[in-house]
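Undergrad: Quick one: the structure is below, questions incoming.
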Amino acid sequence: MKKLVSTFKLLAVLSVLILNSCRDENNEIARQETVQAKVSMADLKKEITPSSQPVPGTVQAQLEESKKNLEYYLKSDVQITGINALGKLSTQKSIDLSQSLISDQDQFIAIGNIMDYSTVKIGKIEDLYSGEDLATAQKGLKEMITEEIKTGTNVMEISWNGKDGKFTTLCFYNDNGIIWDNIFGGLVMMDTRGKVETSNDSAAKVASKWYKQWWTAKWLWGSKRGEIGYQITIYYSGSTVSNTDVSDWGNISLGKAKSESKVTKKSGAYGQCKYALGLCTPTGSLSFNASKFSVSFSGLGSNIVSNGTKSLYP
């Protein structure tokens, strides 16, 4: 009887091993089929409804301003050499194909702040990202397309000339302007020093004073894309602070932003706060550490992070 039980146990183990082996083999076949089924521009063009409408004036203006800024800050590193309006995305399949193309590791992308030349990188996604960073970048691009690109969105192909040769990108737009392109959307314009404003108001019996600092990210054509900042306000009489307030904000179009702040000294000789701020493009991620009271950036992408303490005296 013991031998019979042992035989059944052995058969059960063998069955599990064989089943797992078959699953692994099936998964590998599915992975290979996915690779073989890699989409192309030709696939997307089949799902696009051609349009005789000219590229809107707003988009033309954005393209021209972007050309100027790229030339001014990056010189001949990357230049637009032509555009080809393809038409409108007319089916859900066209959106799915766009998602796959935009995030494909062979597609070109740019990251960095063009006002800080050392941060700029342009190349194939697989050359700029690897491992978890690659997965984060592709996930962010796919999520962005899902949220922002709908049927009826126009698409054009932009031709570029870069240091490593010629390449093309897909640019999505509507009558209001450009929505996304891996170069236009991956790069930002930011003054890393940020801006500061201060104010004094001594007309009231209890005087107040505030200090505001913020950082602004712009699209390549110059319009505002996002902002992070904080403002600390103290209320005082003479040289004594009676109360302290702080506020914070963070936002960005087609990206991620975080902002946190807290008062660390409410009254006395001065007021004090801590702030933790960050914004980035879709290919990166931000996290807030409450114990350290700081925001950190991970992955790759255009970003700015500012953590610090600010004291304000009467």
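Residue names in the structure tokens use chain letters A, B, ... in the order shown, residue numbers from 1 in each chain, and ligand numbers from 1 in the order shown.
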With a distance cut-off of 8 Å and only C-alpha atoms, select the neighbouring residues of range 211-225 of chain A, excluding the residue or stretch itself and same-chain residues fewer than 2 positions from it, and output the selection as a PyMOL selection string.
TA: chain A and resi 62-66+69-70+184-185+187-199+209+227-233+252-253+312
Undergrad: What lies within 8 Å of Val241 in chain A using only C-alpha atoms, ignoring chain neighbours under 4 positions off, as an MDAnalysis selection string?
TA: chainID A and resid 234:237 266:271 313:314
Undergrad: List the spatial neighbours of Asp127 in chain A as a ChimeraX atom specification - criterion: any atom at most 10 Å away, only C-alpha atoms, same-chain residues fewer than 5 positions off excluded.
TA: /A:105-109,122,134
Undergrad: Using only C-alpha atoms, which residue out of A:Cys171, A:Leu74, A:Ala42, A:Val59 lies closest to Met115 in chain A?
TA: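 So, comparing all the options, the nearest one is A:Leu74.
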Undergrad: Select, from A:Ser259, A:Gly177, A:Ile304, A:Ile183, the residue with the minimum atom-to-atom distance to Thr58 in chain A, counting only C-alpha atoms.
TA: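 Among A:Ser259, A:Gly177, A:Ile304, A:Ile183, it is A:Gly177 that comes nearest to Thr58 in chain A.
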Undergrad: Skipping near chain neighbours, those fewer than 2 positions away, what residues fall within 10 Å of Thr119 in chain A using only C-alpha atoms, listed as a PyMOL selection string?
TA: chain A and resi 111-117+121+187+301-303
Undergrad: Pull C-alpha atoms from the residues just selected and write them as a short mmCIF file (atom, residue, chain, number, x, y, z; two decimals), in the first residue's frame.
TA:
```cif
data_model
loop_
_atom_site.label_atom_id
_atom_site.label_comp_id
_atom_site.auth_asym_id
_atom_site.auth_seq_id
_atom_site.Cartn_x
_atom_site.Cartn_y
_atom_site.Cartn_z
CA ILE A 111 14.76 63.80 -22.61
CA GLY A 112 16.12 66.78 -20.76
CA ASN A 113 15.88 70.53 -20.30
CA ILE A 114 17.05 72.33 -23.44
CA MET A 115 18.09 75.31 -21.27
CA ASP A 116 20.57 72.98 -19.54
CA TYR A 117 22.45 71.36 -22.42
CA LYS A 121 19.72 63.07 -24.56
CA LEU A 187 11.98 67.83 -23.82
CA GLY A 301 13.07 61.83 -18.28
CA SER A 302 12.92 65.59 -18.03
CA ASN A 303 12.46 66.57 -14.40
#
```
Undergrad: Work out how far CA of Ile125 in chain A is from CA of Asn289 in chain A, in Å to one decimal.
TA: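 If I compute the distance from CA of Asn289 in chain A to CA of Ile125 in chain A, I get 28.9 Å.
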Undergrad: Find the spatial neighbours of range 98-103 of chain A, counting only C-alpha atoms, within a cut-off of 8 Å - ignore same-chain residues fewer than 5 positions away - and output them as an mmCIF file with all heavy atoms, in the first residue's frame.
TA:
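File written: selection_31.cif
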```
data_model
loop_
_atom_site.group_PDB
_atom_site.id
_atom_site.type_symbol
_atom_site.label_atom_id
_atom_site.label_comp_id
_atom_site.auth_asym_id
_atom_site.auth_seq_id
_atom_site.Cartn_x
_atom_site.Cartn_y
_atom_site.Cartn_z
ATOM 1 N N VAL A 39 4.306 46.015 -34.779
ATOM 2 C CA VAL A 39 3.575 46.873 -35.698
ATOM 3 C C VAL A 39 4.515 47.831 -36.425
ATOM 4 O O VAL A 39 5.629 48.100 -35.983
ATOM 5 C CB VAL A 39 2.489 47.676 -34.950
ATOM 6 C CG1 VAL A 39 1.521 46.733 -34.266
ATOM 7 C CG2 VAL A 39 3.120 48.623 -33.932
ATOM 8 N N SER A 40 4.026 48.351 -37.549
ATOM 9 C CA SER A 40 4.810 49.272 -38.356
ATOM 10 C C SER A 40 3.957 50.476 -38.733
ATOM 11 O O SER A 40 2.730 50.482 -38.524
ATOM 12 C CB SER A 40 5.313 48.579 -39.618
ATOM 13 O OG SER A 40 4.222 48.251 -40.458
ATOM 14 N N MET A 41 4.589 51.488 -39.312
ATOM 15 C CA MET A 41 3.852 52.653 -39.779
ATOM 16 C C MET A 41 2.833 52.261 -40.839
ATOM 17 O O MET A 41 1.749 52.843 -40.926
ATOM 18 C CB MET A 41 4.829 53.679 -40.346
ATOM 19 C CG MET A 41 5.406 54.625 -39.303
ATOM 20 S SD MET A 41 4.120 55.587 -38.482
ATOM 21 C CE MET A 41 3.395 56.437 -39.884
ATOM 22 N N LEU A 44 -0.353 51.309 -39.222
ATOM 23 C CA LEU A 44 -1.102 52.458 -38.728
ATOM 24 C C LEU A 44 -1.781 53.213 -39.864
ATOM 25 O O LEU A 44 -2.944 53.614 -39.755
ATOM 26 C CB LEU A 44 -0.172 53.404 -37.958
ATOM 27 C CG LEU A 44 -0.811 54.700 -37.433
ATOM 28 C CD1 LEU A 44 -1.959 54.389 -36.483
ATOM 29 C CD2 LEU A 44 0.229 55.576 -36.735
ATOM 30 N N ILE A 125 14.679 54.585 -27.770
ATOM 31 C CA ILE A 125 14.248 54.306 -26.401
ATOM 32 C C ILE A 125 15.131 53.236 -25.762
ATOM 33 O O ILE A 125 15.541 53.358 -24.610
ATOM 34 C CB ILE A 125 12.764 53.879 -26.373
ATOM 35 C CG1 ILE A 125 11.873 55.060 -26.781
ATOM 36 C CG2 ILE A 125 12.363 53.368 -24.994
ATOM 37 C CD1 ILE A 125 10.393 54.729 -26.875
ATOM 38 N N ALA A 137 9.398 53.788 -18.549
ATOM 39 C CA ALA A 137 9.232 54.710 -19.676
ATOM 40 C C ALA A 137 8.128 54.246 -20.614
ATOM 41 O O ALA A 137 7.249 55.030 -21.007
ATOM 42 C CB ALA A 137 10.547 54.843 -20.434
ATOM 43 N N GLN A 138 8.145 52.964 -20.975
ATOM 44 C CA GLN A 138 7.143 52.441 -21.909
ATOM 45 C C GLN A 138 5.746 52.479 -21.295
ATOM 46 O O GLN A 138 4.774 52.810 -21.968
ATOM 47 C CB GLN A 138 7.515 51.021 -22.326
ATOM 48 C CG GLN A 138 8.760 50.967 -23.219
ATOM 49 C CD GLN A 138 9.143 49.554 -23.616
ATOM 50 O OE1 GLN A 138 9.263 48.667 -22.782
ATOM 51 N NE2 GLN A 138 9.334 49.344 -24.920
ATOM 52 N N LYS A 139 5.654 52.171 -20.013
ATOM 53 C CA LYS A 139 4.368 52.207 -19.323
ATOM 54 C C LYS A 139 3.816 53.633 -19.299
ATOM 55 O O LYS A 139 2.635 53.867 -19.555
ATOM 56 C CB LYS A 139 4.526 51.682 -17.893
ATOM 57 C CG LYS A 139 3.245 51.648 -17.062
ATOM 58 C CD LYS A 139 3.507 50.974 -15.720
ATOM 59 C CE LYS A 139 2.236 50.886 -14.873
ATOM 60 N NZ LYS A 139 1.837 52.208 -14.341
ATOM 61 N N LEU A 141 4.469 56.108 -21.379
ATOM 62 C CA LEU A 141 4.077 56.526 -22.722
ATOM 63 C C LEU A 141 2.735 55.909 -23.116
ATOM 64 O O LEU A 141 1.873 56.580 -23.697
ATOM 65 C CB LEU A 141 5.156 56.130 -23.726
ATOM 66 C CG LEU A 141 6.470 56.924 -23.652
ATOM 67 C CD1 LEU A 141 7.537 56.261 -24.514
ATOM 68 C CD2 LEU A 141 6.251 58.368 -24.085
ATOM 69 N N LYS A 142 2.543 54.635 -22.795
ATOM 70 C CA LYS A 142 1.287 53.962 -23.131
ATOM 71 C C LYS A 142 0.115 54.577 -22.368
ATOM 72 O O LYS A 142 -0.959 54.794 -22.930
ATOM 73 C CB LYS A 142 1.400 52.465 -22.814
ATOM 74 C CG LYS A 142 2.314 51.703 -23.766
ATOM 75 C CD LYS A 142 2.443 50.236 -23.370
ATOM 76 C CE LYS A 142 3.343 49.479 -24.338
ATOM 77 N NZ LYS A 142 3.505 48.065 -23.953
ATOM 78 N N ILE A 145 -0.804 57.984 -23.930
ATOM 79 C CA ILE A 145 -1.559 57.852 -25.170
ATOM 80 C C ILE A 145 -3.006 57.468 -24.877
ATOM 81 O O ILE A 145 -3.952 58.014 -25.458
ATOM 82 C CB ILE A 145 -0.911 56.800 -26.093
ATOM 83 C CG1 ILE A 145 0.414 57.329 -26.659
ATOM 84 C CG2 ILE A 145 -1.848 56.420 -27.230
ATOM 85 C CD1 ILE A 145 0.262 58.466 -27.632
ATOM 86 N N THR A 146 -3.197 56.530 -23.949
ATOM 87 C CA THR A 146 -4.543 56.082 -23.580
ATOM 88 C C THR A 146 -5.388 57.244 -23.062
ATOM 89 O O THR A 146 -6.574 57.355 -23.386
ATOM 90 C CB THR A 146 -4.471 54.976 -22.509
ATOM 91 O OG1 THR A 146 -3.739 53.860 -23.039
ATOM 92 C CG2 THR A 146 -5.860 54.514 -22.111
ATOM 93 N N LEU A 170 6.129 60.315 -34.614
ATOM 94 C CA LEU A 170 4.706 60.558 -34.808
ATOM 95 C C LEU A 170 4.288 61.729 -33.930
ATOM 96 O O LEU A 170 4.601 61.760 -32.730
ATOM 97 C CB LEU A 170 3.892 59.326 -34.414
ATOM 98 C CG LEU A 170 3.821 58.174 -35.422
ATOM 99 C CD1 LEU A 170 3.052 57.008 -34.812
ATOM 100 C CD2 LEU A 170 3.156 58.631 -36.704
ATOM 101 N N ASN A 182 7.328 62.407 -29.358
ATOM 102 C CA ASN A 182 8.380 61.939 -28.455
ATOM 103 C C ASN A 182 9.522 62.938 -28.264
ATOM 104 O O ASN A 182 10.221 62.902 -27.252
ATOM 105 C CB ASN A 182 8.956 60.613 -28.942
ATOM 106 C CG ASN A 182 8.100 59.423 -28.526
ATOM 107 O OD1 ASN A 182 7.033 59.591 -27.927
ATOM 108 N ND2 ASN A 182 8.552 58.228 -28.841
#
```
Undergrad: Provide the CA of Glu157 in chain A to CA of Met144 in chain A distance in Å, to one decimal place.
TA: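 Separation between CA of Glu157 in chain A and CA of Met144 in chain A: 18.7 Å.
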Undergrad: Enumerate the residues of range 32-174 of chain A with a DSSP assignment of strand (DSSP E), computed from the backbone, and present them as a PyMOL selection string.
TA: chain A and resi 48-49+78-89+108-113+121-124+154-162+165-174
Undergrad: Using the chain letters and numbers from this document, which residues of range 9-197 of chain A does DSSP assign to alpha helix (DSSP H), as a ChimeraX atom specification?
TA: /A:9-36,41-46,57-74,92-103,125-128,131-148
Undergrad: Can you tell me, as JSON, numbers by chain, what residues are no more than 12 Å from Thr151 in chain A when counting only C-alpha atoms, ignoring any on the same chain fewer than 2 positions away?
TA: {"A": [47, 48, 49, 87, 88, 89, 90, 91, 92, 93, 94, 95, 96, 98, 145, 146, 147, 148, 149, 153, 154, 155, 172, 173, 174]}
Undergrad: Quick one, how far is CA of Gln79 in chain A from CA of Tyr129 in chain A?
TA: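 Computing the Euclidean distance for CA of Gln79 in chain A and CA of Tyr129 in chain A yields 22.7 Å.
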